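One structure below.
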Amino acid sequence: DVRKKTGDRTLRSLVPDTKPFIRLFCQVTFSHTSLPEDAIIDTGAHVSLIPYEIWSESKVEIIGEYIMQGAVPGSGLPVKVGYIEASLGAQQRQSQNLRFLAFLAYTSKVPLLLGIRDVLEKFDVHLEFSRNLAYLEQ
């Protein structure tokens with residue numbers, strides 16, 4: 001799913017030809033549930049970010065602790081680092097179960113971000129911006 005958002009109105013008043021923000025969304029189903037979660041495919045992130053309410057119920061392999069930079073402006077976000085399993089898509093269009101590296105937040109007040117490294121290693125990303133279409137192909 002490709003979503004275009006107008007963005008900051010103040011900036012748009014200064015620069016009328018400002019382009020919209022583009023976000024790529026997908027659905028991720030974690031091992032503890034059959035209900036998919038909406039996730040943002042973060043083309044600027046090499047590692048996924050999983051909110052506490054999701055990973056705390058999932059099967060995870062913790063490998064350490066870390067301070068993630070960039071998620072909270074001006075400060076770091078303490079996280080666990082580990083591997084988690086999930087499949088991409090929903091219902092009949094689900095991928096095989098994948099194991100991927102993730103920052104596991106101590107809070108649920110963060111978005112579910114799917115790091116592009118894990119996506120690119122396992123899928124081809126197709127983007128047809130003019131048609132508002134994006135999809136992953138395994």
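A note on labels: chains of the structure tokens are A, B, ... as shown, every chain counts residues from 1, and ligands are counted from 1 in their shown order.
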
Residues within 6 Å of segment 95-107 of chain A, please, as a PyMOL selection string. Count only C-alpha atoms; anything in the same chain fewer than 4 positions from it doesn't count. chain A and resi 47-52+79-88

Running DSSP on the backbone, which parts of chain A land in strand (DSSP E or B), as an mmCIF file with N, CA and C atoms, in the first residue's frame?
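Below is the file states09.cif, written as the result:
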```
data_model
loop_
_atom_site.group_PDB
_atom_site.id
_atom_site.type_symbol
_atom_site.label_atom_id
_atom_site.label_comp_id
_atom_site.auth_asym_id
_atom_site.auth_seq_id
_atom_site.Cartn_x
_atom_site.Cartn_y
_atom_site.Cartn_z
ATOM 1 N N VAL A 2 0.643 2.157 -0.907
ATOM 2 C CA VAL A 2 1.387 3.407 -0.980
ATOM 3 C C VAL A 2 0.460 4.515 -0.516
ATOM 4 N N ARG A 3 0.908 5.292 0.460
ATOM 5 C CA ARG A 3 0.097 6.410 0.928
ATOM 6 C C ARG A 3 0.896 7.686 0.764
ATOM 7 N N LYS A 4 0.286 8.647 0.099
ATOM 8 C CA LYS A 4 0.905 9.954 -0.084
ATOM 9 C C LYS A 4 0.221 10.917 0.869
ATOM 10 N N LYS A 5 1.014 11.673 1.585
ATOM 11 C CA LYS A 5 0.479 12.622 2.547
ATOM 12 C C LYS A 5 1.001 14.000 2.187
ATOM 13 N N PHE A 21 4.780 13.425 1.210
ATOM 14 C CA PHE A 21 5.497 12.325 1.824
ATOM 15 C C PHE A 21 4.968 11.027 1.223
ATOM 16 N N ILE A 22 5.831 10.058 1.097
ATOM 17 C CA ILE A 22 5.420 8.755 0.574
ATOM 18 C C ILE A 22 5.726 7.716 1.641
ATOM 19 N N ARG A 23 4.747 6.890 1.960
ATOM 20 C CA ARG A 23 4.967 5.806 2.914
ATOM 21 C C ARG A 23 4.515 4.506 2.275
ATOM 22 N N LEU A 24 5.312 3.472 2.453
ATOM 23 C CA LEU A 24 4.972 2.135 1.980
ATOM 24 C C LEU A 24 4.507 1.327 3.181
ATOM 25 N N PHE A 25 3.315 0.763 3.091
ATOM 26 C CA PHE A 25 2.743 -0.018 4.175
ATOM 27 C C PHE A 25 2.623 -1.473 3.762
ATOM 28 N N CYS A 26 2.718 -2.351 4.730
ATOM 29 C CA CYS A 26 2.449 -3.768 4.503
ATOM 30 C C CYS A 26 1.816 -4.325 5.766
ATOM 31 N N GLN A 27 1.396 -5.546 5.695
ATOM 32 C CA GLN A 27 0.865 -6.207 6.879
ATOM 33 C C GLN A 27 1.837 -7.288 7.307
ATOM 34 N N VAL A 28 2.020 -7.404 8.620
ATOM 35 C CA VAL A 28 2.939 -8.363 9.212
ATOM 36 C C VAL A 28 2.159 -9.186 10.232
ATOM 37 N N THR A 29 2.299 -10.499 10.155
ATOM 38 C CA THR A 29 1.637 -11.377 11.116
ATOM 39 C C THR A 29 2.713 -12.059 11.959
ATOM 40 N N PHE A 30 2.662 -11.819 13.261
ATOM 41 C CA PHE A 30 3.653 -12.377 14.174
ATOM 42 C C PHE A 30 3.195 -13.740 14.674
ATOM 43 N N GLU A 37 -0.748 -7.068 11.562
ATOM 44 C CA GLU A 37 -0.521 -5.699 12.042
ATOM 45 C C GLU A 37 -0.083 -4.861 10.854
ATOM 46 N N ASP A 38 -0.534 -3.600 10.790
ATOM 47 C CA ASP A 38 -0.059 -2.679 9.762
ATOM 48 C C ASP A 38 1.341 -2.207 10.124
ATOM 49 N N ALA A 39 2.244 -2.232 9.150
ATOM 50 C CA ALA A 39 3.624 -1.807 9.371
ATOM 51 C C ALA A 39 4.043 -0.865 8.260
ATOM 52 N N ILE A 40 4.962 0.011 8.588
ATOM 53 C CA ILE A 40 5.568 0.896 7.597
ATOM 54 C C ILE A 40 6.868 0.238 7.151
ATOM 55 N N ILE A 41 7.048 0.096 5.847
ATOM 56 C CA ILE A 41 8.342 -0.356 5.322
ATOM 57 C C ILE A 41 9.225 0.885 5.315
ATOM 58 N N ASP A 42 10.212 0.910 6.180
ATOM 59 C CA ASP A 42 11.044 2.085 6.378
ATOM 60 C C ASP A 42 12.293 1.980 5.508
ATOM 61 N N SER A 48 14.469 -3.429 11.836
ATOM 62 C CA SER A 48 13.061 -3.189 12.153
ATOM 63 C C SER A 48 12.910 -2.682 13.585
ATOM 64 N N LEU A 49 11.791 -2.002 13.860
ATOM 65 C CA LEU A 49 11.455 -1.525 15.202
ATOM 66 C C LEU A 49 10.097 -2.109 15.564
ATOM 67 N N ILE A 50 10.046 -2.854 16.669
ATOM 68 C CA ILE A 50 8.825 -3.547 17.071
ATOM 69 C C ILE A 50 8.349 -2.992 18.413
ATOM 70 N N VAL A 60 10.893 -14.465 20.745
ATOM 71 C CA VAL A 60 12.045 -13.653 20.369
ATOM 72 C C VAL A 60 13.321 -14.266 20.921
ATOM 73 N N GLU A 61 14.414 -13.993 20.257
ATOM 74 C CA GLU A 61 15.740 -14.389 20.735
ATOM 75 C C GLU A 61 16.506 -13.097 21.009
ATOM 76 N N ILE A 62 16.663 -12.745 22.281
ATOM 77 C CA ILE A 62 17.338 -11.510 22.671
ATOM 78 C C ILE A 62 18.847 -11.723 22.569
ATOM 79 N N ILE A 63 19.532 -10.765 21.920
ATOM 80 C CA ILE A 63 20.991 -10.883 21.810
ATOM 81 C C ILE A 63 21.726 -9.732 22.499
ATOM 82 N N GLY A 64 20.988 -8.707 22.956
ATOM 83 C CA GLY A 64 21.650 -7.614 23.657
ATOM 84 C C GLY A 64 20.730 -6.434 23.884
ATOM 85 N N GLU A 65 21.330 -5.370 24.411
ATOM 86 C CA GLU A 65 20.617 -4.119 24.640
ATOM 87 C C GLU A 65 21.348 -3.028 23.879
ATOM 88 N N TYR A 66 20.617 -1.942 23.546
ATOM 89 C CA TYR A 66 21.164 -0.921 22.663
ATOM 90 C C TYR A 66 20.405 0.378 22.902
ATOM 91 N N ILE A 67 20.997 1.486 22.508
ATOM 92 C CA ILE A 67 20.301 2.777 22.493
ATOM 93 C C ILE A 67 20.133 3.153 21.020
ATOM 94 N N MET A 68 18.888 3.105 20.551
ATOM 95 C CA MET A 68 18.579 3.406 19.150
ATOM 96 C C MET A 68 18.482 4.917 18.972
ATOM 97 N N GLN A 69 19.184 5.445 18.004
ATOM 98 C CA GLN A 69 19.149 6.877 17.699
ATOM 99 C C GLN A 69 18.187 7.152 16.546
ATOM 100 N N GLY A 70 17.579 8.321 16.542
ATOM 101 C CA GLY A 70 16.756 8.736 15.409
ATOM 102 C C GLY A 70 15.262 8.559 15.591
ATOM 103 N N ALA A 71 14.826 7.672 16.462
ATOM 104 C CA ALA A 71 13.390 7.445 16.649
ATOM 105 C C ALA A 71 12.758 8.546 17.484
ATOM 106 N N VAL A 72 13.492 9.034 18.472
ATOM 107 C CA VAL A 72 13.023 10.107 19.339
ATOM 108 C C VAL A 72 13.991 11.275 19.164
ATOM 109 N N SER A 75 17.146 12.463 21.589
ATOM 110 C CA SER A 75 17.557 11.476 22.582
ATOM 111 C C SER A 75 17.489 10.079 21.986
ATOM 112 N N GLY A 76 18.115 9.158 22.665
ATOM 113 C CA GLY A 76 18.103 7.772 22.221
ATOM 114 C C GLY A 76 16.942 7.012 22.838
ATOM 115 N N LEU A 77 16.575 5.937 22.201
ATOM 116 C CA LEU A 77 15.493 5.072 22.678
ATOM 117 C C LEU A 77 16.106 3.748 23.121
ATOM 118 N N PRO A 78 16.031 3.427 24.436
ATOM 119 C CA PRO A 78 16.579 2.142 24.873
ATOM 120 C C PRO A 78 15.742 0.995 24.305
ATOM 121 N N VAL A 79 16.424 0.003 23.764
ATOM 122 C CA VAL A 79 15.746 -1.149 23.153
ATOM 123 C C VAL A 79 16.537 -2.412 23.451
ATOM 124 N N LYS A 80 15.883 -3.530 23.323
ATOM 125 C CA LYS A 80 16.576 -4.810 23.252
ATOM 126 C C LYS A 80 16.828 -5.056 21.770
ATOM 127 N N VAL A 81 17.829 -5.820 21.458
ATOM 128 C CA VAL A 81 18.108 -6.220 20.083
ATOM 129 C C VAL A 81 17.917 -7.721 20.029
ATOM 130 N N GLY A 82 17.193 -8.183 19.022
ATOM 131 C CA GLY A 82 16.969 -9.609 18.940
ATOM 132 C C GLY A 82 16.358 -10.027 17.625
ATOM 133 N N TYR A 83 16.114 -11.300 17.518
ATOM 134 C CA TYR A 83 15.479 -11.863 16.340
ATOM 135 C C TYR A 83 14.030 -12.195 16.660
ATOM 136 N N ILE A 84 13.153 -11.963 15.703
ATOM 137 C CA ILE A 84 11.733 -12.227 15.857
ATOM 138 C C ILE A 84 11.244 -12.894 14.578
ATOM 139 N N GLU A 85 10.175 -13.650 14.668
ATOM 140 C CA GLU A 85 9.622 -14.318 13.491
ATOM 141 C C GLU A 85 8.259 -13.752 13.147
ATOM 142 N N ALA A 86 8.018 -13.617 11.853
ATOM 143 C CA ALA A 86 6.732 -13.121 11.357
ATOM 144 C C ALA A 86 6.631 -13.446 9.883
ATOM 145 N N SER A 87 5.437 -13.297 9.357
ATOM 146 C CA SER A 87 5.250 -13.429 7.909
ATOM 147 C C SER A 87 4.666 -12.115 7.398
ATOM 148 N N LEU A 88 4.965 -11.805 6.161
ATOM 149 C CA LEU A 88 4.446 -10.580 5.548
ATOM 150 C C LEU A 88 3.173 -10.907 4.793
ATOM 151 N N LEU A 98 9.403 -15.647 8.433
ATOM 152 C CA LEU A 98 10.730 -15.063 8.295
ATOM 153 C C LEU A 98 11.301 -14.770 9.673
ATOM 154 N N ARG A 99 12.585 -14.907 9.801
ATOM 155 C CA ARG A 99 13.287 -14.542 11.031
ATOM 156 C C ARG A 99 14.123 -13.315 10.692
ATOM 157 N N PHE A 100 13.914 -12.228 11.450
ATOM 158 C CA PHE A 100 14.668 -11.022 11.134
ATOM 159 C C PHE A 100 15.102 -10.277 12.389
ATOM 160 N N LEU A 101 16.177 -9.492 12.220
ATOM 161 C CA LEU A 101 16.748 -8.701 13.290
ATOM 162 C C LEU A 101 15.848 -7.511 13.572
ATOM 163 N N ALA A 102 15.671 -7.182 14.866
ATOM 164 C CA ALA A 102 14.789 -6.073 15.219
ATOM 165 C C ALA A 102 15.247 -5.382 16.495
ATOM 166 N N PHE A 103 14.948 -4.088 16.554
ATOM 167 C CA PHE A 103 15.020 -3.345 17.802
ATOM 168 C C PHE A 103 13.681 -3.569 18.485
ATOM 169 N N LEU A 104 13.708 -4.028 19.718
ATOM 170 C CA LEU A 104 12.509 -4.365 20.471
ATOM 171 C C LEU A 104 12.310 -3.290 21.532
ATOM 172 N N ALA A 105 11.357 -2.383 21.279
ATOM 173 C CA ALA A 105 11.159 -1.214 22.138
ATOM 174 C C ALA A 105 10.558 -1.609 23.482
ATOM 175 N N LEU A 113 7.869 -0.568 12.454
ATOM 176 C CA LEU A 113 8.670 -0.282 11.259
ATOM 177 C C LEU A 113 9.372 -1.547 10.804
ATOM 178 N N LEU A 114 9.260 -1.836 9.539
ATOM 179 C CA LEU A 114 9.946 -2.978 8.959
ATOM 180 C C LEU A 114 11.182 -2.453 8.244
ATOM 181 N N GLY A 115 12.352 -2.817 8.745
ATOM 182 C CA GLY A 115 13.609 -2.342 8.167
ATOM 183 C C GLY A 115 13.802 -2.855 6.749
ATOM 184 N N ASP A 124 11.872 -8.805 -3.664
ATOM 185 C CA ASP A 124 12.073 -7.716 -4.604
ATOM 186 C C ASP A 124 10.989 -6.692 -4.318
ATOM 187 N N VAL A 125 11.376 -5.431 -4.227
ATOM 188 C CA VAL A 125 10.425 -4.365 -3.964
ATOM 189 C C VAL A 125 10.064 -3.708 -5.292
ATOM 190 N N HIS A 126 8.790 -3.668 -5.608
ATOM 191 C CA HIS A 126 8.300 -3.031 -6.835
ATOM 192 C C HIS A 126 7.482 -1.813 -6.447
ATOM 193 N N LEU A 127 7.781 -0.676 -7.066
ATOM 194 C CA LEU A 127 7.070 0.558 -6.760
ATOM 195 C C LEU A 127 6.654 1.220 -8.064
ATOM 196 N N GLU A 128 5.363 1.388 -8.223
ATOM 197 C CA GLU A 128 4.814 2.111 -9.370
ATOM 198 C C GLU A 128 4.129 3.351 -8.807
ATOM 199 N N LEU A 133 0.961 2.167 -6.391
ATOM 200 C CA LEU A 133 1.063 0.735 -6.228
ATOM 201 C C LEU A 133 2.472 0.361 -5.790
ATOM 202 N N ALA A 134 2.538 -0.480 -4.790
ATOM 203 C CA ALA A 134 3.813 -1.040 -4.355
ATOM 204 C C ALA A 134 3.556 -2.465 -3.921
ATOM 205 N N TYR A 135 4.494 -3.346 -4.195
ATOM 206 C CA TYR A 135 4.344 -4.719 -3.732
ATOM 207 C C TYR A 135 5.695 -5.380 -3.585
ATOM 208 N N LEU A 136 5.697 -6.443 -2.777
ATOM 209 C CA LEU A 136 6.892 -7.236 -2.544
ATOM 210 C C LEU A 136 6.705 -8.558 -3.263
ATOM 211 N N GLU A 137 7.771 -9.043 -3.877
ATOM 212 C CA GLU A 137 7.702 -10.316 -4.565
ATOM 213 C C GLU A 137 8.811 -11.215 -4.018
#
```

DSSP-assigned helix (DSSP H, G or I) members of chain A, reported as a PyMOL selection string = chain A and resi 9-14+52-55+91-93+116-122+129-131

Can I get the selected residues back with N, CA and C atoms, as a compact mmCIF listing (two decimals), in the first residue's frame?
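Listed below is the output, part34.txt:
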```txt
# COMPACT_ATOMS: atom_id res chain seq x y z
N ARG A 9 1.91 21.98 6.20
CA ARG A 9 1.25 23.10 5.50
C ARG A 9 2.10 24.35 5.50
N THR A 10 2.85 24.60 6.58
CA THR A 10 3.70 25.79 6.64
C THR A 10 4.78 25.71 5.57
N LEU A 11 5.40 24.55 5.44
CA LEU A 11 6.42 24.37 4.40
C LEU A 11 5.80 24.51 3.02
N ARG A 12 4.60 23.96 2.84
CA ARG A 12 3.91 24.04 1.55
C ARG A 12 3.61 25.50 1.18
N SER A 13 3.32 26.35 2.19
CA SER A 13 3.06 27.77 1.89
C SER A 13 4.34 28.48 1.46
N LEU A 14 5.48 28.03 1.97
CA LEU A 14 6.77 28.61 1.57
C LEU A 14 7.27 28.07 0.25
N TYR A 52 6.51 -2.75 22.06
CA TYR A 52 6.48 -3.70 23.18
C TYR A 52 5.27 -4.62 23.13
N GLU A 53 4.08 -4.08 22.90
CA GLU A 53 2.86 -4.90 22.94
C GLU A 53 2.87 -6.03 21.91
N ILE A 54 3.67 -5.89 20.88
CA ILE A 54 3.78 -6.94 19.86
C ILE A 54 4.86 -7.95 20.24
N TRP A 55 6.08 -7.47 20.48
CA TRP A 55 7.17 -8.43 20.69
C TRP A 55 7.09 -9.15 22.04
N GLN A 91 -3.72 -13.32 5.35
CA GLN A 91 -4.59 -14.40 4.87
C GLN A 91 -3.93 -15.21 3.76
N GLN A 92 -4.54 -15.29 2.58
CA GLN A 92 -4.02 -16.16 1.52
C GLN A 92 -2.73 -15.63 0.88
N ARG A 93 -2.38 -14.40 1.12
CA ARG A 93 -1.20 -13.81 0.47
C ARG A 93 -0.07 -13.59 1.46
N ILE A 116 14.27 -2.00 5.89
CA ILE A 116 14.39 -2.33 4.46
C ILE A 116 15.43 -3.40 4.21
N ARG A 117 16.45 -3.51 5.07
CA ARG A 117 17.48 -4.54 4.84
C ARG A 117 16.87 -5.93 4.82
N ASP A 118 16.03 -6.21 5.79
CA ASP A 118 15.40 -7.53 5.85
C ASP A 118 14.48 -7.75 4.66
N VAL A 119 13.80 -6.72 4.23
CA VAL A 119 12.90 -6.84 3.08
C VAL A 119 13.71 -7.09 1.81
N LEU A 120 14.76 -6.31 1.60
CA LEU A 120 15.55 -6.44 0.37
C LEU A 120 16.31 -7.75 0.27
N GLU A 121 16.67 -8.34 1.42
CA GLU A 121 17.38 -9.62 1.39
C GLU A 121 16.48 -10.77 0.97
N LYS A 122 15.17 -10.62 1.16
CA LYS A 122 14.26 -11.73 0.93
C LYS A 122 13.21 -11.48 -0.16
N PHE A 129 4.92 4.37 -8.60
CA PHE A 129 4.47 5.58 -7.93
C PHE A 129 3.27 6.22 -8.63
N SER A 130 3.30 6.28 -9.93
CA SER A 130 2.22 6.94 -10.68
C SER A 130 0.88 6.24 -10.51
N ARG A 131 0.90 4.96 -10.15
CA ARG A 131 -0.35 4.20 -9.95
C ARG A 131 -0.66 3.96 -8.47
```

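The space between atom CA of His32 of chain A and atom CA of Lys59 of chain A spans 7.4 Å.
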
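Between atom CA of Gln94 of chain A and atom CA of Ser34 of chain A there is a distance of 11.0 Å.
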
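For the choices A:Thr33, A:Leu112, A:Val15, A:Gln138, the atom-to-atom distance to Ser58 of chain A is smallest for A:Thr33 when using only C-alpha atoms.
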